[in-house]
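Novice: Okay, so here is model_25.cif, and as you'll see once you scroll down, it has mmCIF, C-alpha atoms and all ligand atoms.
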data_start
#
loop_
_atom_site.group_PDB
_atom_site.id
_atom_site.type_symbol
_atom_site.label_atom_id
_atom_site.label_comp_id
_atom_site.auth_asym_id
_atom_site.auth_seq_id
_atom_site.Cartn_x
_atom_site.Cartn_y
_atom_site.Cartn_z
ATOM 1 C CA MET N 1 94.270 75.378 140.452
ATOM 2 C CA GLY N 2 90.762 74.267 141.223
ATOM 3 C CA HIS N 3 87.953 75.174 138.855
ATOM 4 C CA SER N 4 86.503 77.770 141.228
ATOM 5 C CA ALA N 5 89.890 79.439 141.563
ATOM 6 C CA ALA N 6 90.170 79.388 137.794
ATOM 7 C CA VAL N 7 86.804 81.007 137.278
ATOM 8 C CA TRP N 8 87.509 84.418 135.874
ATOM 9 C CA ASP N 9 85.182 87.277 136.802
ATOM 10 C CA HIS N 10 83.643 88.017 133.473
ATOM 11 C CA LYS N 11 82.838 91.583 134.476
ATOM 12 C CA ALA N 12 86.596 92.232 134.656
ATOM 13 C CA ALA N 13 87.077 90.399 131.371
ATOM 14 C CA PHE N 14 84.634 92.484 129.359
ATOM 15 C CA GLU N 15 83.862 96.196 129.608
ATOM 16 C CA VAL N 16 82.034 98.533 127.242
ATOM 17 C CA THR N 17 83.304 102.127 127.261
ATOM 18 C CA LYS N 18 83.071 105.124 124.919
ATOM 19 C CA ASP N 19 85.936 106.212 122.672
ATOM 20 C CA TRP N 20 87.009 109.753 121.763
ATOM 21 C CA ASN N 21 83.981 110.097 119.429
ATOM 22 C CA GLY N 22 81.510 108.645 121.939
ATOM 23 C CA ILE N 23 81.476 105.360 120.000
ATOM 24 C CA ASP N 24 81.216 102.136 122.016
ATOM 25 C CA GLN N 25 84.390 100.139 122.323
ATOM 26 C CA ILE N 26 84.927 96.876 124.156
ATOM 27 C CA LEU N 27 87.867 96.309 126.462
ATOM 28 C CA LEU N 28 88.824 92.640 126.880
ATOM 29 C CA ARG N 29 91.159 91.651 129.712
ATOM 30 C CA ASN N 30 92.672 88.388 130.898
ATOM 31 C CA PRO N 31 93.669 87.476 134.482
ATOM 32 C CA LYS N 32 97.368 88.145 133.808
ATOM 33 C CA GLY N 33 96.782 91.736 132.721
ATOM 34 C CA ALA N 34 96.834 91.419 128.938
ATOM 35 C CA SER N 35 94.135 93.372 127.096
ATOM 36 C CA ALA N 36 92.587 94.139 123.735
ATOM 37 C CA ARG N 37 90.239 96.900 122.614
ATOM 38 C CA VAL N 38 87.697 96.678 119.786
ATOM 39 C CA SER N 39 85.706 99.596 118.398
ATOM 40 C CA LEU N 40 82.164 99.218 117.085
ATOM 41 C CA HIS N 41 83.376 101.571 114.359
ATOM 42 C CA GLY N 42 84.543 99.155 111.712
ATOM 43 C CA GLY N 43 84.769 96.221 114.158
ATOM 44 C CA GLN N 44 88.370 97.387 114.372
ATOM 45 C CA VAL N 45 90.786 96.074 116.969
ATOM 46 C CA THR N 46 92.496 99.289 118.099
ATOM 47 C CA SER N 47 94.791 97.919 120.771
ATOM 48 C CA TRP N 48 96.396 94.654 121.932
ATOM 49 C CA ARG N 49 98.635 94.791 124.984
ATOM 50 C CA ASN N 50 100.726 92.134 126.697
ATOM 51 C CA GLU N 51 100.768 91.316 130.422
ATOM 52 C CA GLN N 52 103.243 94.137 130.993
ATOM 53 C CA GLY N 53 100.812 96.577 129.377
ATOM 54 C CA GLU N 54 103.064 97.024 126.307
ATOM 55 C CA GLU N 55 101.185 97.884 123.100
ATOM 56 C CA LEU N 56 101.767 95.339 120.320
ATOM 57 C CA LEU N 57 99.864 97.032 117.485
ATOM 58 C CA PHE N 58 100.842 100.235 115.697
ATOM 59 C CA THR N 59 98.587 103.304 115.665
ATOM 60 C CA SER N 60 99.721 106.438 113.874
ATOM 61 C CA HIS N 61 100.179 109.540 116.013
ATOM 62 C CA LYS N 62 98.436 111.358 113.170
ATOM 63 C CA ALA N 63 95.553 108.872 112.921
ATOM 64 C CA ASN N 64 92.220 110.382 111.964
ATOM 65 C CA PHE N 65 89.809 109.295 114.689
ATOM 66 C CA LYS N 66 86.774 110.704 112.892
ATOM 67 C CA PRO N 67 84.321 108.267 111.297
ATOM 68 C CA PRO N 68 83.653 107.133 108.663
ATOM 69 C CA LYS N 69 87.370 106.773 107.773
ATOM 70 C CA ALA N 70 89.120 103.894 109.541
ATOM 71 C CA MET N 71 91.765 104.805 112.129
ATOM 72 C CA ARG N 72 95.317 104.265 110.741
ATOM 73 C CA GLY N 73 96.450 101.335 112.810
ATOM 74 C CA GLY N 74 95.216 98.340 114.779
ATOM 75 C CA ILE N 75 93.470 95.736 112.617
ATOM 76 C CA PRO N 76 90.994 97.222 110.087
ATOM 77 C CA ILE N 77 88.682 94.690 108.429
ATOM 78 C CA CYS N 78 88.925 94.854 104.627
ATOM 79 C CA PHE N 79 85.626 93.504 103.211
ATOM 80 C CA PRO N 80 84.019 92.855 100.698
ATOM 81 C CA GLN N 81 87.028 93.959 98.703
ATOM 82 C CA PHE N 82 90.767 94.197 99.322
ATOM 83 C CA GLY N 83 92.238 96.883 97.072
ATOM 84 C CA ASN N 84 90.466 98.993 94.469
ATOM 85 C CA CYS N 85 87.158 98.194 92.795
ATOM 86 C CA ARG N 86 84.965 100.426 90.642
ATOM 87 C CA SER N 87 81.872 100.528 92.816
ATOM 88 C CA LEU N 88 83.493 100.222 96.262
ATOM 89 C CA GLU N 89 85.824 102.389 98.322
ATOM 90 C CA LEU N 90 89.418 101.148 98.721
ATOM 91 C CA HIS N 91 89.402 97.988 100.876
ATOM 92 C CA GLY N 92 85.590 97.911 100.995
ATOM 93 C CA PHE N 93 83.073 99.451 103.377
ATOM 94 C CA ALA N 94 83.145 97.118 106.442
ATOM 95 C CA ARG N 95 85.913 99.085 108.227
ATOM 96 C CA ASN N 96 83.937 102.320 107.856
ATOM 97 C CA LYS N 97 80.594 101.048 109.128
ATOM 98 C CA MET N 98 79.092 100.822 112.607
ATOM 99 C CA TRP N 99 78.909 97.235 113.897
ATOM 100 C CA VAL N 100 76.765 95.993 116.800
ATOM 101 C CA ILE N 101 77.475 93.631 119.683
ATOM 102 C CA GLU N 102 75.698 90.329 119.110
ATOM 103 C CA ASP N 103 73.141 89.864 121.851
ATOM 104 C CA ASN N 104 74.619 86.498 122.863
ATOM 105 C CA SER N 105 77.959 88.115 123.692
ATOM 106 C CA PRO N 106 79.248 88.540 127.253
ATOM 107 C CA PRO N 107 78.526 89.738 129.910
ATOM 108 C CA LEU N 108 77.647 86.062 129.849
ATOM 109 C CA PRO N 109 80.573 84.146 131.360
ATOM 110 C CA PRO N 110 83.362 83.709 128.788
ATOM 111 C CA ASN N 111 83.225 80.517 126.820
ATOM 112 C CA ASP N 112 85.661 78.976 129.233
ATOM 113 C CA SER N 113 86.298 79.942 132.817
ATOM 114 C CA HIS N 114 90.060 79.951 132.446
ATOM 115 C CA GLY N 115 90.515 83.600 131.726
ATOM 116 C CA LYS N 116 89.520 83.819 128.065
ATOM 117 C CA SER N 117 87.305 86.774 127.161
ATOM 118 C CA PHE N 118 85.645 87.524 123.867
ATOM 119 C CA VAL N 119 83.084 89.664 122.097
ATOM 120 C CA ASP N 120 80.930 88.841 119.070
ATOM 121 C CA LEU N 121 80.244 91.708 116.672
ATOM 122 C CA LEU N 122 77.800 91.747 113.758
ATOM 123 C CA LEU N 123 77.583 93.679 110.495
ATOM 124 C CA LYS N 124 74.593 93.222 108.207
ATOM 125 C CA SER N 125 74.073 94.566 104.694
ATOM 126 C CA SER N 126 72.349 97.953 104.974
ATOM 127 C CA GLU N 127 70.202 99.725 102.372
ATOM 128 C CA GLU N 128 73.185 101.981 101.673
ATOM 129 C CA ASP N 129 75.543 99.022 101.236
ATOM 130 C CA LEU N 130 73.097 97.302 98.878
ATOM 131 C CA LYS N 131 73.345 100.286 96.518
ATOM 132 C CA CYS N 132 77.077 99.748 95.996
ATOM 133 C CA TRP N 133 77.209 96.006 96.704
ATOM 134 C CA PRO N 134 73.773 94.414 96.053
ATOM 135 C CA TYR N 135 74.210 91.240 98.124
ATOM 136 C CA SER N 136 72.617 90.249 101.435
ATOM 137 C CA PHE N 137 75.206 89.052 103.954
ATOM 138 C CA GLU N 138 75.766 88.736 107.664
ATOM 139 C CA PHE N 139 79.337 89.183 108.925
ATOM 140 C CA ARG N 140 80.067 87.923 112.435
ATOM 141 C CA LEU N 141 83.402 88.787 113.983
ATOM 142 C CA ARG N 142 84.580 87.158 117.215
ATOM 143 C CA VAL N 143 87.536 88.852 118.881
ATOM 144 C CA SER N 144 88.969 86.866 121.776
ATOM 145 C CA LEU N 145 91.843 87.299 124.176
ATOM 146 C CA ALA N 146 93.129 84.022 125.616
ATOM 147 C CA ALA N 147 94.544 83.375 129.088
ATOM 148 C CA ASP N 148 98.043 83.350 127.542
ATOM 149 C CA GLY N 149 97.463 86.733 125.859
ATOM 150 C CA ASN N 150 97.028 85.429 122.306
ATOM 151 C CA LEU N 151 94.582 87.454 120.211
ATOM 152 C CA THR N 152 92.234 85.590 117.871
ATOM 153 C CA LEU N 153 89.908 87.049 115.254
ATOM 154 C CA ILE N 154 87.329 84.785 113.634
ATOM 155 C CA SER N 155 85.285 86.158 110.729
ATOM 156 C CA ARG N 156 82.199 84.343 109.514
ATOM 157 C CA VAL N 157 80.527 85.691 106.376
ATOM 158 C CA ARG N 158 77.196 84.140 105.415
ATOM 159 C CA ASN N 159 75.136 84.602 102.258
ATOM 160 C CA ILE N 160 71.651 85.277 103.653
ATOM 161 C CA ASN N 161 69.769 83.449 100.952
ATOM 162 C CA GLY N 162 70.367 86.180 98.429
ATOM 163 C CA LYS N 163 71.995 85.713 95.038
ATOM 164 C CA PRO N 164 75.525 84.223 95.005
ATOM 165 C CA PHE N 165 78.347 86.687 95.656
ATOM 166 C CA SER N 166 82.153 86.775 95.686
ATOM 167 C CA PHE N 167 84.430 88.826 97.944
ATOM 168 C CA SER N 168 88.068 89.337 98.858
ATOM 169 C CA PHE N 169 89.157 89.989 102.430
ATOM 170 C CA ALA N 170 92.050 90.971 104.674
ATOM 171 C CA TYR N 171 92.780 91.519 108.360
ATOM 172 C CA HIS N 172 94.864 94.674 107.795
ATOM 173 C CA THR N 173 97.191 94.091 110.751
ATOM 174 C CA TYR N 174 99.539 96.950 111.758
ATOM 175 C CA LEU N 175 102.285 95.329 113.856
ATOM 176 C CA LEU N 176 104.367 97.603 116.078
ATOM 177 C CA VAL N 177 108.106 97.032 115.524
ATOM 178 C CA SER N 178 111.145 98.715 117.051
ATOM 179 C CA ASP N 179 113.057 99.384 113.806
ATOM 180 C CA ILE N 180 111.882 98.160 110.382
ATOM 181 C CA SER N 181 115.509 97.785 109.232
ATOM 182 C CA GLU N 182 115.953 95.157 111.992
ATOM 183 C CA VAL N 183 112.844 93.133 111.130
ATOM 184 C CA ARG N 184 112.494 90.023 109.005
ATOM 185 C CA ILE N 185 109.627 87.776 108.006
ATOM 186 C CA GLU N 186 109.996 83.991 107.908
ATOM 187 C CA GLY N 187 107.548 81.596 106.266
ATOM 188 C CA LEU N 188 107.068 83.310 102.901
ATOM 189 C CA GLU N 189 110.285 82.129 101.249
ATOM 190 C CA THR N 190 110.010 80.693 97.695
ATOM 191 C CA LEU N 191 106.368 81.842 97.347
ATOM 192 C CA ASP N 192 105.034 83.723 94.356
ATOM 193 C CA TYR N 193 103.806 87.245 95.041
ATOM 194 C CA LEU N 194 101.941 90.015 93.227
ATOM 195 C CA ASP N 195 103.847 93.286 93.439
ATOM 196 C CA ASN N 196 101.514 96.246 93.905
ATOM 197 C CA LEU N 197 104.444 98.524 93.034
ATOM 198 C CA SER N 198 104.666 96.930 89.569
ATOM 199 C CA GLN N 199 100.999 96.757 88.482
ATOM 200 C CA ARG N 200 100.547 93.515 90.455
ATOM 201 C CA GLU N 201 103.119 91.716 88.272
ATOM 202 C CA ARG N 202 103.872 88.187 89.539
ATOM 203 C CA PHE N 203 107.328 87.388 90.966
ATOM 204 C CA THR N 204 108.862 84.589 93.034
ATOM 205 C CA GLU N 205 110.435 85.349 96.405
ATOM 206 C CA GLN N 206 114.143 84.479 96.231
ATOM 207 C CA GLY N 207 115.329 85.445 99.708
ATOM 208 C CA ASP N 208 115.616 83.100 102.660
ATOM 209 C CA ALA N 209 113.719 85.719 104.735
ATOM 210 C CA ILE N 210 112.080 89.024 103.837
ATOM 211 C CA THR N 211 113.910 92.138 105.068
ATOM 212 C CA PHE N 212 113.192 95.804 104.410
ATOM 213 C CA GLU N 213 115.230 98.543 102.749
ATOM 214 C CA SER N 214 112.483 100.323 100.740
ATOM 215 C CA GLU N 215 108.725 100.423 100.157
ATOM 216 C CA VAL N 216 107.165 96.940 99.996
ATOM 217 C CA ASP N 217 103.564 96.298 98.920
ATOM 218 C CA ARG N 218 103.071 92.651 97.969
ATOM 219 C CA VAL N 219 100.481 89.890 98.089
ATOM 220 C CA TYR N 220 102.175 86.544 98.810
ATOM 221 C CA LEU N 221 100.088 83.724 97.373
ATOM 222 C CA SER N 222 99.105 80.319 98.773
ATOM 223 C CA SER N 223 101.137 80.858 101.911
ATOM 224 C CA PRO N 224 101.589 78.405 104.801
ATOM 225 C CA ASN N 225 99.277 78.780 107.789
ATOM 226 C CA ALA N 226 102.017 80.207 110.020
ATOM 227 C CA VAL N 227 104.278 83.227 109.426
ATOM 228 C CA ALA N 228 106.835 84.720 111.850
ATOM 229 C CA VAL N 229 107.769 88.408 112.098
ATOM 230 C CA LEU N 230 111.036 88.764 114.016
ATOM 231 C CA ASP N 231 111.745 92.090 115.734
ATOM 232 C CA HIS N 232 115.463 91.813 116.391
ATOM 233 C CA GLU N 233 115.867 94.839 118.643
ATOM 234 C CA ARG N 234 113.061 93.848 121.025
ATOM 235 C CA LYS N 235 113.969 90.143 120.816
ATOM 236 C CA ARG N 236 110.264 89.620 120.093
ATOM 237 C CA THR N 237 108.626 87.430 117.443
ATOM 238 C CA TYR N 238 105.020 87.761 116.281
ATOM 239 C CA VAL N 239 103.685 84.375 115.202
ATOM 240 C CA ILE N 240 100.706 84.700 112.872
ATOM 241 C CA ARG N 241 98.618 81.550 112.436
ATOM 242 C CA LYS N 242 95.683 81.540 110.045
ATOM 243 C CA GLU N 243 92.981 79.353 108.530
ATOM 244 C CA GLY N 244 90.919 80.148 105.472
ATOM 245 C CA LEU N 245 93.362 82.954 104.598
ATOM 246 C CA PRO N 246 95.676 81.643 101.849
ATOM 247 C CA ASP N 247 97.357 84.954 101.020
ATOM 248 C CA VAL N 248 99.557 87.344 103.030
ATOM 249 C CA VAL N 249 99.846 91.058 102.270
ATOM 250 C CA VAL N 250 103.158 92.625 103.315
ATOM 251 C CA TRP N 251 103.251 96.422 103.349
ATOM 252 C CA ASN N 252 105.645 99.059 104.523
ATOM 253 C CA PRO N 253 105.181 102.506 102.903
ATOM 254 C CA TRP N 254 108.783 103.643 103.516
ATOM 255 C CA GLU N 255 109.781 107.294 103.404
ATOM 256 C CA LYS N 256 108.211 108.755 100.246
ATOM 257 C CA LYS N 257 104.757 107.160 100.613
ATOM 258 C CA SER N 258 104.728 107.982 104.341
ATOM 259 C CA LYS N 259 105.053 111.663 103.499
ATOM 260 C CA SER N 260 102.067 111.417 101.149
ATOM 261 C CA MET N 261 99.668 110.108 103.832
ATOM 262 C CA VAL N 262 98.052 112.839 105.969
ATOM 263 C CA ASP N 263 97.184 110.390 108.751
ATOM 264 C CA PHE N 264 100.695 108.937 109.000
ATOM 265 C CA GLY N 265 103.901 110.436 110.394
ATOM 266 C CA ASP N 266 106.823 110.964 107.997
ATOM 267 C CA GLU N 267 109.087 108.719 110.090
ATOM 268 C CA GLU N 268 106.464 106.239 111.333
ATOM 269 C CA TYR N 269 107.276 103.668 108.665
ATOM 270 C CA LYS N 270 110.219 102.739 110.894
ATOM 271 C CA GLN N 271 107.926 101.454 113.655
ATOM 272 C CA MET N 272 105.307 99.525 111.726
ATOM 273 C CA LEU N 273 104.815 96.603 109.384
ATOM 274 C CA CYS N 274 101.546 95.331 107.924
ATOM 275 C CA VAL N 275 101.386 91.539 107.601
ATOM 276 C CA ASN N 276 97.786 90.792 106.650
ATOM 277 C CA GLY N 277 96.110 87.377 106.558
ATOM 278 C CA ALA N 278 93.969 87.653 103.433
ATOM 279 C CA VAL N 279 91.964 86.056 100.616
ATOM 280 C CA ILE N 280 92.821 88.004 97.482
ATOM 281 C CA GLU N 281 94.053 85.933 94.508
ATOM 282 C CA LYS N 282 91.048 83.601 94.531
ATOM 283 C CA PRO N 283 88.033 85.486 95.959
ATOM 284 C CA VAL N 284 85.531 83.521 98.036
ATOM 285 C CA THR N 285 82.193 82.722 96.350
ATOM 286 C CA LEU N 286 79.176 81.963 98.533
ATOM 287 C CA LYS N 287 75.934 80.485 97.283
ATOM 288 C CA PRO N 288 72.729 81.238 99.250
ATOM 289 C CA GLY N 289 73.021 79.907 102.796
ATOM 290 C CA GLU N 290 76.771 79.184 102.541
ATOM 291 C CA GLU N 291 79.266 80.559 105.080
ATOM 292 C CA TRP N 292 83.002 81.287 104.943
ATOM 293 C CA THR N 293 85.280 81.363 108.003
ATOM 294 C CA GLY N 294 88.611 83.164 108.244
ATOM 295 C CA ARG N 295 90.573 82.720 111.466
ATOM 296 C CA LEU N 296 93.658 84.666 112.543
ATOM 297 C CA GLN N 297 95.685 84.109 115.713
ATOM 298 C CA LEU N 298 98.386 86.541 116.821
ATOM 299 C CA LYS N 299 100.924 85.437 119.402
ATOM 300 C CA VAL N 300 104.145 86.965 120.710
ATOM 301 C CA VAL N 301 107.077 84.760 121.707
ATOM 302 C CA PRO N 302 110.604 85.719 122.766
ATOM 303 C CA SER N 303 112.884 85.749 119.719
ATOM 304 C CA SER N 304 115.213 83.392 121.568
ATOM 305 C CA PHE N 305 113.059 80.790 119.811
ATOM 306 C CA CYS N 306 114.834 80.002 116.568
ATOM 307 C CA SER N 307 112.333 79.946 113.746
ATOM 308 C CA ASP N 308 112.322 76.170 113.273
ATOM 309 C CA SER N 309 111.107 75.797 116.852
ATOM 310 C CA LEU N 310 108.082 77.837 115.770
ATOM 311 C CA ASP N 311 107.016 74.906 113.571
ATOM 312 C CA LEU N 312 106.032 77.307 110.821
ATOM 313 C CA ASP N 313 105.120 74.625 108.352
HETATM 314 O O1 LIG Z 1 98.208 96.903 102.610
HETATM 315 C C1 LIG Z 1 98.484 97.316 101.355
HETATM 316 C C2 LIG Z 1 97.663 98.547 100.925
HETATM 317 O O2 LIG Z 1 96.790 98.214 99.888
HETATM 318 C C3 LIG Z 1 98.638 99.635 100.502
HETATM 319 O O3 LIG Z 1 98.694 99.738 99.107
HETATM 320 C C4 LIG Z 1 98.061 100.877 101.177
HETATM 321 O O4 LIG Z 1 97.065 101.468 100.366
HETATM 322 C C5 LIG Z 1 97.509 100.263 102.453
HETATM 323 O O5 LIG Z 1 96.866 99.076 101.998
HETATM 324 C C6 LIG Z 1 96.644 101.180 103.275
HETATM 325 O O6 LIG Z 1 95.412 101.387 102.680
HETATM 326 P P1 LIG Z 1 94.444 102.486 103.388
HETATM 327 O O7 LIG Z 1 93.212 102.506 102.562
HETATM 328 O O8 LIG Z 1 94.207 102.016 104.797
HETATM 329 O O9 LIG Z 1 95.237 103.769 103.375
#
Starting from the file, give its structure as structure tokens.
Specialist:
Amino acid sequence: MGHSAAVWDHKAAFEVTKDWNGIDQILLRNPKGASARVSLHGGQVTSWRNEQGEELLFTSHKANFKPPKAMRGGIPICFPQFGNCRSLELHGFARNKMWVIEDNSPPLPPNDSHGKSFVDLLLKSSEEDLKCWPYSFEFRLRVSLAADGNLTLISRVRNINGKPFSFSFAYHTYLLVSDISEVRIEGLETLDYLDNLSQRERFTEQGDAITFESEVDRVYLSSPNAVAVLDHERKRTYVIRKEGLPDVVVWNPWEKKSKSMVDFGDEEYKQMLCVNGAVIEKPVTLKPGEEWTGRLQLKVVPSSFCSDSLDLD
């Protein structure tokens, strides 16, 4: 295909619309019909669809779409804290704040003319943030949809010449699965993990793959840069590749916890699994002017691939 034929009309690749609350959201498309949607509320990816228009991320039917709380689903950004901390809300404030589109973002032509589309979002420390987290930062998030439908999120956090600060982070990724009892995770075998159901006690994973029969809420430590989530019923495998994200949070609330969440259906635990690329055990410390980058790529392949062909090492 000649270059001109490959040139992708960037207007079709990138569209700003309003969501149910009148908040700007960006729709990214690729030439084959795949799409992704990002809300300026929280910089949250709220949808990722394949070329057939099938949704790949979970969103609760009882999700609360009212700011400032993050919508239950998609990929909330947990920053500057994953988990609880005295002065910050659970999982930090970034997912509850309004982000802006960086002025160098499209509608300039995408960074390559072969059907990739992206948007750059920006969150800066506000006066309000400085009261609960007194550090000056700039957080740039690039969300891109490639010609093959892969979704990539790149986070860049910079210390804007303030005092040094440390943070933990997670891409809180809600994967849509057909039946949690038919799902397994490969790539986390033999790792140590902190069990949030046992006061973050440290254990070692014994299984040759992680399967689900009850609530799981764990932080796997120093994980490899590729993890596979196999959805047996749909013959679909999510391949998660990551850089700068040494830990992986695995969470399924199961029946009892599901019933305790107002923005989550009692039975919805059967159709979702959170597998979050994260930095938790060893928080990132940035001196003035330093920048951290955390990259996550999500890809779907037919499960006919056996896991060793996914070169998960
Ligand atoms: O992903 C693990 C976790 O920390 C769970 O303990 C649960 O709290 C989940 O995150 C969702 O947190 P949220 O604040 O979005 O309800």
Novice: Please identify the residues whose atoms come within 9 Å of ligand LIG 1 (chain Z), using all atoms listed in the file, and report them as a PyMOL selection string.
Specialist: chain N and resi 69-73+76+78+82-84+89-91+170+172-173+196-197+216-219+249-253+261+263+274-276
Novice: What does the distance from CA of Leu121 in chain N to CA of Val143 in chain N come to in Å, to one decimal?
Specialist: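 Between these atoms lies a distance of 8.1 Å.
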Novice: Please expand the PyMOL selection byres (((chain N and resi 230) around 7) and not hetatm) into the concrete residues it hits in this file, giving the result as number ranges by chain.
Specialist: N: 183-185, 228-229, 231-232, 236-238, 303
Novice: Report as number ranges by chain all protein, DNA and RNA residues lying within 10 Å of Lys257 in chain N, evaluated on only C-alpha atoms, omitting residues in the same chain fewer than 5 positions from it.
Specialist: N: 215, 252, 264, 266, 269
Novice: Which one is closest to Ser136 in chain N: N:Ala13, N:Leu286, N:Leu57, N:Val279? Count all atoms listed in the file.
Specialist: N:Leu286
